[in-house]
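> So that we are looking at the same thing, I have put the structure below in structure tokens.
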Amino acid sequence: MQITETDIPDVLIIDPVVHRDSRGEFAEIIRASDFSSFTGGKNLVQINQSVSSKGVLRGLHCQMRHPQGKLVRVVHGEVFDVAVDLRRDSPTFGRSVSVVLSADNHRMLWIPEGFAHGFLVLSESACFIYGCTDYYDAASEQTILWNDPDLAICWPSVKNADGSVQAPVVSAKDAAAKAFRDALYF
């Protein structure tokens, strides 16, 4: 596996070794020992799956009382994945990092505790898998507006079959999210 630092050093791109032959392909996704080495001894306690259609934007989400580190990957389709640093004392506070994750590139992203996370589906549909270092706790969840001007995330355009730009499809919760300046920080 190859681990690459992003512009925010704690957020890591992980590329597993993929073995291909005439029968298909095989990849060892993660070993507990490798995961522990780049997460400071963390373990995954919950694995979630999300299936979404083209143009669906989920996020930006985080949990305040039970922060979750997330190892994210796409097993079908393609997404534009974003992590926003909410760690008040971090030199990268308020900055984001983004990467395209797809079934074809097998790429994963490690997002440590203290970050908000979101993604936009670029393909016709996508199946997104994420392992978490703490359990989901709805009562401590916070949602930050995905298109907040203070964050200035450069989300890609998603085009319809006729070439027109599709507006992102967001949930009512995500549409009513907090502005970054009103959010809680770690």
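We name chains A, B, ... following the order of the structure tokens; residues begin at 1 in each chain, and ligands are numbered from 1 as shown.
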Please return, as a VMD selection string, all residues of chain A that DSSP assigns to strand (DSSP E) on the basis of the backbone.
chain A and resid 2 to 5 12 to 15 18 to 21 24 to 27 46 to 53 57 to 63 70 to 76 78 to 85 96 to 102 108 to 111 115 to 121 125 to 132 141 to 143 158 to 159 165 to 166
> Extract, using only C-alpha atoms, all DNA, RNA and protein residues at most 12 Å from Val11 (chain A), discarding same-chain residues fewer than 5 positions from it, and format them as a ChimeraX atom specification.
/A:3-6,38-39,69-72,81-85,92,95-99,108-117
> I want to know what sits within 6 Å of Ser123 (chain A), based on only C-alpha atoms, with residues of the same chain fewer than 2 positions away left out; could you give that as a list in words?
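Here the answer would be Lys54, Gly77, Glu78, Val121 and Ser125 of chain A.
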> Could you write out that same residue set with all heavy atoms as an mmCIF file, in the first residue's frame?

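This is the output file part29.cif:
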data_model
loop_
_atom_site.group_PDB
_atom_site.id
_atom_site.type_symbol
_atom_site.label_atom_id
_atom_site.label_comp_id
_atom_site.auth_asym_id
_atom_site.auth_seq_id
_atom_site.Cartn_x
_atom_site.Cartn_y
_atom_site.Cartn_z
ATOM 1 N N LYS A 54 -26.325 10.045 -9.093
ATOM 2 C CA LYS A 54 -25.538 11.134 -9.664
ATOM 3 C C LYS A 54 -26.028 12.484 -9.148
ATOM 4 O O LYS A 54 -27.227 12.741 -9.103
ATOM 5 C CB LYS A 54 -25.645 11.095 -11.182
ATOM 6 C CG LYS A 54 -24.810 12.114 -11.900
ATOM 7 C CD LYS A 54 -24.932 11.920 -13.390
ATOM 8 C CE LYS A 54 -24.000 12.833 -14.155
ATOM 9 N NZ LYS A 54 -24.049 12.533 -15.605
ATOM 10 N N GLY A 77 -18.683 3.221 -8.802
ATOM 11 C CA GLY A 77 -18.874 4.602 -9.209
ATOM 12 C C GLY A 77 -17.715 5.506 -8.850
ATOM 13 O O GLY A 77 -16.577 5.053 -8.661
ATOM 14 N N GLU A 78 -18.035 6.820 -8.728
ATOM 15 C CA GLU A 78 -17.005 7.826 -8.504
ATOM 16 C C GLU A 78 -17.580 8.991 -7.711
ATOM 17 O O GLU A 78 -18.700 9.436 -7.980
ATOM 18 C CB GLU A 78 -16.493 8.326 -9.858
ATOM 19 C CG GLU A 78 -15.414 9.365 -9.794
ATOM 20 C CD GLU A 78 -14.919 9.753 -11.176
ATOM 21 O OE1 GLU A 78 -15.678 10.387 -11.935
ATOM 22 O OE2 GLU A 78 -13.762 9.400 -11.490
ATOM 23 N N VAL A 121 -21.509 12.809 -5.696
ATOM 24 C CA VAL A 121 -21.458 11.675 -6.622
ATOM 25 C C VAL A 121 -21.317 12.195 -8.052
ATOM 26 O O VAL A 121 -22.145 12.978 -8.528
ATOM 27 C CB VAL A 121 -22.721 10.792 -6.482
ATOM 28 C CG1 VAL A 121 -22.681 9.654 -7.498
ATOM 29 C CG2 VAL A 121 -22.843 10.256 -5.066
ATOM 30 N N SER A 125 -24.257 6.456 -10.356
ATOM 31 C CA SER A 125 -24.531 6.092 -8.967
ATOM 32 C C SER A 125 -23.189 5.741 -8.329
ATOM 33 O O SER A 125 -22.198 5.555 -9.031
ATOM 34 C CB SER A 125 -25.505 4.912 -8.860
ATOM 35 O OG SER A 125 -24.927 3.748 -9.394
#
> Report, in Å to a single decimal, how far apart CA of Ala177 (chain A) and CA of Val79 (chain A) are.
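These two atoms are separated by 21.0 Å.
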> Measuring between only C-alpha atoms, which one of A:Pro67, A:Trp155, A:Asp104, A:Asp7 shows the shortest distance to Glu25 (chain A)?
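Ranked by minimum distance to Glu25 (chain A), first place goes to A:Asp104.
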> Taking the chain letters and numbering used in this document, name the residues of region 27-139 of chain A that DSSP puts in alpha helix (DSSP H), as a PyMOL selection string.
chain A and resi 32-39
> For Arg88 (chain A), list every protein, DNA or RNA residue within 8 Å, evaluated using only C-alpha atoms, and leave out those in the same chain fewer than 2 positions away; present the list as a PyMOL selection string.
chain A and resi 86+90+93+185-186
> Suppose you want the space between CA of Gly118 (chain A) and CA of Phe80 (chain A); what is it in Å?
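Going from CA of Gly118 (chain A) over to CA of Phe80 (chain A), I get 8.5 Å.
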> Report as a ChimeraX atom specification all protein, DNA and RNA residues lying within 8 Å of region 137-149 of chain A, evaluated on only C-alpha atoms, omitting residues in the same chain fewer than 6 positions from it.
/A:59-66,116,118,173-180,183-184
> Based on the selection just made, write N, CA, C and O atoms of those residues as a PDB file, in the first residue's frame.

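After the write, result04.pdb holds the following:
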ATOM      1  N   GLY A  59     -23.199  15.995   3.125  1.00  0.00           N
ATOM      2  CA  GLY A  59     -22.228  16.660   3.986  1.00  0.00           C
ATOM      3  C   GLY A  59     -22.465  18.152   4.045  1.00  0.00           C
ATOM      4  O   GLY A  59     -23.375  18.654   3.414  1.00  0.00           O
ATOM      5  N   LEU A  60     -21.671  18.734   4.800  1.00  0.00           N
ATOM      6  CA  LEU A  60     -20.455  18.356   5.507  1.00  0.00           C
ATOM      7  C   LEU A  60     -20.808  17.949   6.931  1.00  0.00           C
ATOM      8  O   LEU A  60     -21.378  18.750   7.669  1.00  0.00           O
ATOM      9  N   HIS A  61     -20.493  16.737   7.330  1.00  0.00           N
ATOM     10  CA  HIS A  61     -20.920  16.168   8.611  1.00  0.00           C
ATOM     11  C   HIS A  61     -19.734  15.887   9.532  1.00  0.00           C
ATOM     12  O   HIS A  61     -18.654  15.539   9.078  1.00  0.00           O
ATOM     13  N   CYS A  62     -19.995  16.002  10.834  1.00  0.00           N
ATOM     14  CA  CYS A  62     -19.049  15.561  11.858  1.00  0.00           C
ATOM     15  C   CYS A  62     -19.825  15.341  13.157  1.00  0.00           C
ATOM     16  O   CYS A  62     -20.971  15.754  13.273  1.00  0.00           O
ATOM     17  N   GLN A  63     -19.198  14.661  14.092  1.00  0.00           N
ATOM     18  CA  GLN A  63     -19.774  14.456  15.426  1.00  0.00           C
ATOM     19  C   GLN A  63     -18.897  15.177  16.428  1.00  0.00           C
ATOM     20  O   GLN A  63     -17.678  14.996  16.432  1.00  0.00           O
ATOM     21  N   MET A  64     -19.517  15.952  17.301  1.00  0.00           N
ATOM     22  CA  MET A  64     -18.745  16.761  18.238  1.00  0.00           C
ATOM     23  C   MET A  64     -18.383  16.003  19.519  1.00  0.00           C
ATOM     24  O   MET A  64     -17.250  16.063  19.968  1.00  0.00           O
ATOM     25  N   ARG A  65     -19.330  15.305  20.147  1.00  0.00           N
ATOM     26  CA  ARG A  65     -19.032  14.594  21.403  1.00  0.00           C
ATOM     27  C   ARG A  65     -18.337  13.265  21.167  1.00  0.00           C
ATOM     28  O   ARG A  65     -17.603  12.792  22.016  1.00  0.00           O
ATOM     29  N   HIS A  66     -18.620  12.651  20.064  1.00  0.00           N
ATOM     30  CA  HIS A  66     -18.015  11.358  19.730  1.00  0.00           C
ATOM     31  C   HIS A  66     -17.379  11.467  18.347  1.00  0.00           C
ATOM     32  O   HIS A  66     -17.876  10.888  17.381  1.00  0.00           O
ATOM     33  N   ALA A 116     -14.812  17.788   9.320  1.00  0.00           N
ATOM     34  CA  ALA A 116     -16.119  17.582   8.709  1.00  0.00           C
ATOM     35  C   ALA A 116     -15.871  16.882   7.372  1.00  0.00           C
ATOM     36  O   ALA A 116     -14.823  17.081   6.743  1.00  0.00           O
ATOM     37  N   GLY A 118     -17.671  15.339   3.556  1.00  0.00           N
ATOM     38  CA  GLY A 118     -18.774  15.299   2.604  1.00  0.00           C
ATOM     39  C   GLY A 118     -18.307  14.760   1.268  1.00  0.00           C
ATOM     40  O   GLY A 118     -17.103  14.655   1.012  1.00  0.00           O
ATOM     41  N   LYS A 173     -31.761  18.325   5.784  1.00  0.00           N
ATOM     42  CA  LYS A 173     -30.808  18.582   6.870  1.00  0.00           C
ATOM     43  C   LYS A 173     -29.574  19.307   6.349  1.00  0.00           C
ATOM     44  O   LYS A 173     -29.101  20.278   6.947  1.00  0.00           O
ATOM     45  N   ASP A 174     -29.040  18.852   5.220  1.00  0.00           N
ATOM     46  CA  ASP A 174     -27.845  19.477   4.666  1.00  0.00           C
ATOM     47  C   ASP A 174     -28.140  20.869   4.116  1.00  0.00           C
ATOM     48  O   ASP A 174     -27.299  21.764   4.204  1.00  0.00           O
ATOM     49  N   ALA A 175     -29.323  21.072   3.567  1.00  0.00           N
ATOM     50  CA  ALA A 175     -29.700  22.395   3.054  1.00  0.00           C
ATOM     51  C   ALA A 175     -29.844  23.413   4.178  1.00  0.00           C
ATOM     52  O   ALA A 175     -29.629  24.608   3.984  1.00  0.00           O
ATOM     53  N   ALA A 176     -30.212  22.952   5.373  1.00  0.00           N
ATOM     54  CA  ALA A 176     -30.415  23.844   6.530  1.00  0.00           C
ATOM     55  C   ALA A 176     -29.198  23.861   7.453  1.00  0.00           C
ATOM     56  O   ALA A 176     -29.301  24.247   8.612  1.00  0.00           O
ATOM     57  N   ALA A 177     -28.035  23.474   6.952  1.00  0.00           N
ATOM     58  CA  ALA A 177     -26.833  23.363   7.779  1.00  0.00           C
ATOM     59  C   ALA A 177     -26.354  24.717   8.286  1.00  0.00           C
ATOM     60  O   ALA A 177     -26.724  25.768   7.778  1.00  0.00           O
ATOM     61  N   LYS A 178     -25.474  24.652   9.296  1.00  0.00           N
ATOM     62  CA  LYS A 178     -24.875  25.854   9.883  1.00  0.00           C
ATOM     63  C   LYS A 178     -23.838  26.455   8.938  1.00  0.00           C
ATOM     64  O   LYS A 178     -23.159  25.727   8.208  1.00  0.00           O
ATOM     65  N   ALA A 179     -23.686  27.753   9.030  1.00  0.00           N
ATOM     66  CA  ALA A 179     -22.569  28.405   8.368  1.00  0.00           C
ATOM     67  C   ALA A 179     -21.292  28.022   9.112  1.00  0.00           C
ATOM     68  O   ALA A 179     -21.325  27.743  10.318  1.00  0.00           O
ATOM     69  N   PHE A 180     -20.178  28.022   8.418  1.00  0.00           N
ATOM     70  CA  PHE A 180     -18.898  27.677   9.049  1.00  0.00           C
ATOM     71  C   PHE A 180     -18.616  28.560  10.250  1.00  0.00           C
ATOM     72  O   PHE A 180     -18.217  28.081  11.306  1.00  0.00           O
ATOM     73  N   ALA A 183     -20.406  27.360  13.347  1.00  0.00           N
ATOM     74  CA  ALA A 183     -20.211  25.962  13.722  1.00  0.00           C
ATOM     75  C   ALA A 183     -19.434  25.835  15.022  1.00  0.00           C
ATOM     76  O   ALA A 183     -18.766  26.767  15.475  1.00  0.00           O
ATOM     77  N   LEU A 184     -19.516  24.658  15.608  1.00  0.00           N
ATOM     78  CA  LEU A 184     -18.680  24.306  16.751  1.00  0.00           C
ATOM     79  C   LEU A 184     -17.383  23.738  16.205  1.00  0.00           C
ATOM     80  O   LEU A 184     -17.359  23.082  15.163  1.00  0.00           O
TER      81      LEU A 184
END
